[in-house]
Amino acid sequence: MDALINLLPELWTATYETLYIVALTLFFGGLGGLLVGLGLYLTRAGSILENKPLFFVLNLVVNFIRPIPFIIFLAAAQPLARAVTGSGIGNNAIIFTIALAASFAMARIVEQNLLTVTPGVIDAARSVGAGPIRIIFTVLLPEALGPLILGYTFIFVALVDMSAVAGYVGGGGLGNFALQYGYRQFNPIVTWAAVLLIIVLVQFVQFFGNYLARKALRR
């Protein structure tokens with residue numbers, strides 16, 4: 001317990017790093033996933049911007065990258081991360097890599113959630129002359145807002161998991177803290193302190209995401 005008390009400054013720093021990494025990856029990965037997911041939905045057969053060749057390419061890329069285990073993806077994407085961020089390790093490289101992986105994971109979730117929108121609602125908007133942009137922002141996204149919030153909440157939890165795994169390759173945060181001060185120094189109390197903080201963080205965000213989703217679904 002004394003070791004944990006002495007490490008409290010490092011624990012709070014690691015918590016901040018985790019929040020920083022997850023927030024940025026959620027923003028960039030969520031935005032990329034939304035764009036790719038919209039592309040998958042809009043270009044599929046029978047959709048408002050049907051484009052079979054483009055859908056085939058997007059679908060192929062998502063199916064190719066999404067199943068790769070994240071620890072392997074970290075190593076495989078390291079040269080690309082180094083080219084973009086200037087380093088293959090550290091928080092900037094980790095943020096880039098996690099955001100890239102999350103984009104393709106989120107894309108499929110976005111596509112599946114958009115498919116839950118009743119086709120009749122889209123047809124009604126088209127029948128009154130609404131164009132694709134108007135349909136997307138005034139019909140499609142608002143109708144799918146509740147499921148999308150739940151999808152992004154799920155991704156947040158996955159990002160916390162990814163940020164912890166990234167501790168193996170020089171990333172900061174609670175994962176690195178647990179490895180460096182807990183696991184490698186045979187101090188389970190320190191490891192469990194990091195685990196409990198992650199659990200509290202995930203539970204809070206899950207509760208908040210569920211609350212927002214319920215509000216969206218009741219409107």
# chains A, B, ... in the order shown; residues from 1 in each chain; ligands from 1
$ residues_around --residues "A:Tyr181" --least-positions-apart "6" --cutoff "9 Å" --atoms "only C-alpha atoms" --output "list in words"
Leu7, Asn187, Val190 and Thr191 of chain A
$ residues_around --residues "A:Asn91" --least-positions-apart "6" --cutoff "10 Å" --atoms "only C-alpha atoms" --output "PDB file with C-alpha atoms, in the first residue's frame"
ATOM      1  CA  GLU A  17      -2.681  10.409 -20.370  1.00  0.00           C
ATOM      2  CA  THR A  18      -5.332   7.720 -20.815  1.00  0.00           C
ATOM      3  CA  TYR A  20      -6.013  12.394 -23.458  1.00  0.00           C
ATOM      4  CA  ILE A  21      -5.259   9.428 -25.725  1.00  0.00           C
ATOM      5  CA  THR A  85       4.077  11.571 -36.612  1.00  0.00           C
ATOM      6  CA  THR A  97      -2.486   4.042 -34.757  1.00  0.00           C
ATOM      7  CA  SER A 163      -4.729   2.383 -25.001  1.00  0.00           C
ATOM      8  CA  ALA A 166      -0.388   0.275 -26.326  1.00  0.00           C
ATOM      9  CA  GLY A 167       1.606   0.375 -23.088  1.00  0.00           C
ATOM     10  CA  VAL A 169       5.067  -0.303 -27.254  1.00  0.00           C
ATOM     11  CA  GLY A 170       5.879   2.822 -25.310  1.00  0.00           C
ATOM     12  CA  GLY A 171       2.460   4.390 -25.029  1.00  0.00           C
ATOM     13  CA  GLY A 172       1.571   6.210 -21.833  1.00  0.00           C
ATOM     14  CA  GLY A 173      -1.525   5.868 -19.714  1.00  0.00           C
TER      15      GLY A 173
END
$ residues_around --residues "A:Leu58" --least-positions-apart "6" --cutoff "12 Å" --atoms "only C-alpha atoms" --output "JSON list (two decimals) with N, CA and C atoms, in the first residue's frame"
[["chain", "number", "residue", "atom", "x", "y", "z"],
["A", 33, "GLY", "N", -14.53, 6.93, -38.87],
["A", 33, "GLY", "CA", -15.50, 5.84, -38.94],
["A", 33, "GLY", "C", -16.85, 6.31, -39.44],
["A", 35, "LEU", "N", -17.40, 8.81, -41.53],
["A", 35, "LEU", "CA", -17.29, 9.07, -42.97],
["A", 35, "LEU", "C", -17.26, 7.77, -43.78],
["A", 36, "VAL", "N", -16.46, 6.81, -43.31],
["A", 36, "VAL", "CA", -16.38, 5.52, -44.03],
["A", 36, "VAL", "C", -17.69, 4.77, -43.91],
["A", 37, "GLY", "N", -18.31, 4.80, -42.71],
["A", 37, "GLY", "CA", -19.59, 4.13, -42.52],
["A", 37, "GLY", "C", -20.68, 4.72, -43.39],
["A", 38, "LEU", "N", -20.71, 6.06, -43.47],
["A", 38, "LEU", "CA", -21.66, 6.71, -44.39],
["A", 38, "LEU", "C", -21.40, 6.30, -45.82],
["A", 39, "GLY", "N", -20.11, 6.22, -46.19],
["A", 39, "GLY", "CA", -19.77, 5.79, -47.54],
["A", 39, "GLY", "C", -20.27, 4.39, -47.83],
["A", 40, "LEU", "N", -20.12, 3.48, -46.86],
["A", 40, "LEU", "CA", -20.61, 2.11, -47.04],
["A", 40, "LEU", "C", -22.13, 2.08, -47.21],
["A", 41, "TYR", "N", -22.82, 2.85, -46.37],
["A", 41, "TYR", "CA", -24.29, 2.85, -46.43],
["A", 41, "TYR", "C", -24.80, 3.50, -47.72],
["A", 42, "LEU", "N", -24.23, 4.64, -48.07],
["A", 42, "LEU", "CA", -24.76, 5.42, -49.19],
["A", 42, "LEU", "C", -24.48, 4.80, -50.54],
["A", 43, "THR", "N", -23.38, 4.01, -50.65],
["A", 43, "THR", "CA", -23.00, 3.47, -51.95],
["A", 43, "THR", "C", -23.44, 2.02, -52.15],
["A", 44, "ARG", "N", -24.05, 1.41, -51.15],
["A", 44, "ARG", "CA", -24.48, 0.03, -51.30],
["A", 44, "ARG", "C", -25.67, -0.05, -52.27],
["A", 51, "ASN", "N", -23.22, 3.06, -55.69],
["A", 51, "ASN", "CA", -21.99, 3.02, -56.48],
["A", 51, "ASN", "C", -21.30, 1.69, -56.14],
["A", 52, "LYS", "N", -21.59, 0.67, -56.90],
["A", 52, "LYS", "CA", -21.12, -0.68, -56.57],
["A", 52, "LYS", "C", -19.60, -0.80, -56.54],
["A", 64, "PHE", "N", -10.70, -6.14, -44.54],
["A", 64, "PHE", "CA", -9.29, -6.53, -44.49],
["A", 64, "PHE", "C", -8.64, -6.07, -43.18],
["A", 65, "ILE", "N", -8.94, -4.86, -42.74],
["A", 65, "ILE", "CA", -8.25, -4.27, -41.59],
["A", 65, "ILE", "C", -8.93, -4.61, -40.27],
["A", 66, "ARG", "N", -10.26, -4.65, -40.26],
["A", 66, "ARG", "CA", -11.00, -4.77, -39.00],
["A", 66, "ARG", "C", -10.66, -6.04, -38.21],
["A", 104, "PHE", "N", -11.94, 1.96, -38.83],
["A", 104, "PHE", "CA", -12.51, 0.84, -39.57],
["A", 104, "PHE", "C", -13.46, 0.02, -38.70],
["A", 107, "ALA", "N", -16.58, 2.18, -38.58],
["A", 107, "ALA", "CA", -17.26, 2.27, -39.87],
["A", 107, "ALA", "C", -18.33, 1.19, -40.00],
["A", 108, "ARG", "N", -18.00, -0.02, -39.58],
["A", 108, "ARG", "CA", -18.98, -1.11, -39.68],
["A", 108, "ARG", "C", -20.14, -0.90, -38.72],
["A", 111, "GLU", "N", -22.37, 1.80, -40.26],
["A", 111, "GLU", "CA", -23.14, 1.23, -41.37],
["A", 111, "GLU", "C", -24.33, 0.41, -40.85]]
$ residues_around --residues "stretch 67-72 of chain A" --least-positions-apart "2" --cutoff "10 Å" --atoms "only C-alpha atoms" --output "tab-separated table (two decimals) with C-alpha atoms, in the first residue's frame"
chain	number	residue	atom	x	y	z
A	62	VAL	CA	-12.87	-2.52	-43.88
A	63	ASN	CA	-13.07	-6.32	-43.98
A	64	PHE	CA	-9.29	-6.53	-44.49
A	65	ILE	CA	-8.25	-4.27	-41.59
A	74	LEU	CA	0.33	-1.79	-33.69
A	75	ALA	CA	3.48	-3.41	-35.03
A	76	ALA	CA	2.31	-3.45	-38.66
A	77	ALA	CA	1.30	0.23	-38.65
A	97	THR	CA	-2.49	4.04	-34.76
A	98	ILE	CA	-5.49	3.63	-32.46
A	101	ALA	CA	-7.80	1.04	-36.23
A	102	ALA	CA	-10.89	2.57	-34.63
A	104	PHE	CA	-12.51	0.84	-39.57
A	105	ALA	CA	-14.10	-0.75	-36.51
A	161	ASP	CA	-8.64	-1.35	-23.97
A	162	MET	CA	-6.45	-0.39	-26.95
A	165	VAL	CA	-2.43	-2.59	-24.82
A	166	ALA	CA	-0.39	0.27	-26.33
A	168	TYR	CA	3.60	-2.53	-24.52
A	169	VAL	CA	5.07	-0.30	-27.25
$ closest_residue --among "A:Asn92, A:Ile199, A:Ser47, A:Gln180" --to "A:Arg126" --atoms "only C-alpha atoms"
A:Ser47
$ select_by_dssp --residues "stretch 6-213 of chain A" --states "helix (DSSP H, G or I)" --output "VMD selection string"
chain A and resid 6 8 to 43 52 to 65 70 to 76 78 to 85 91 to 114 119 to 127 132 to 143 145 to 169 174 to 183 188 to 213
$ closest_residue --among "A:Ala213, A:Ala130, A:Leu197, A:Val160" --to "A:Ala144" --atoms "only C-alpha atoms"
A:Ala213
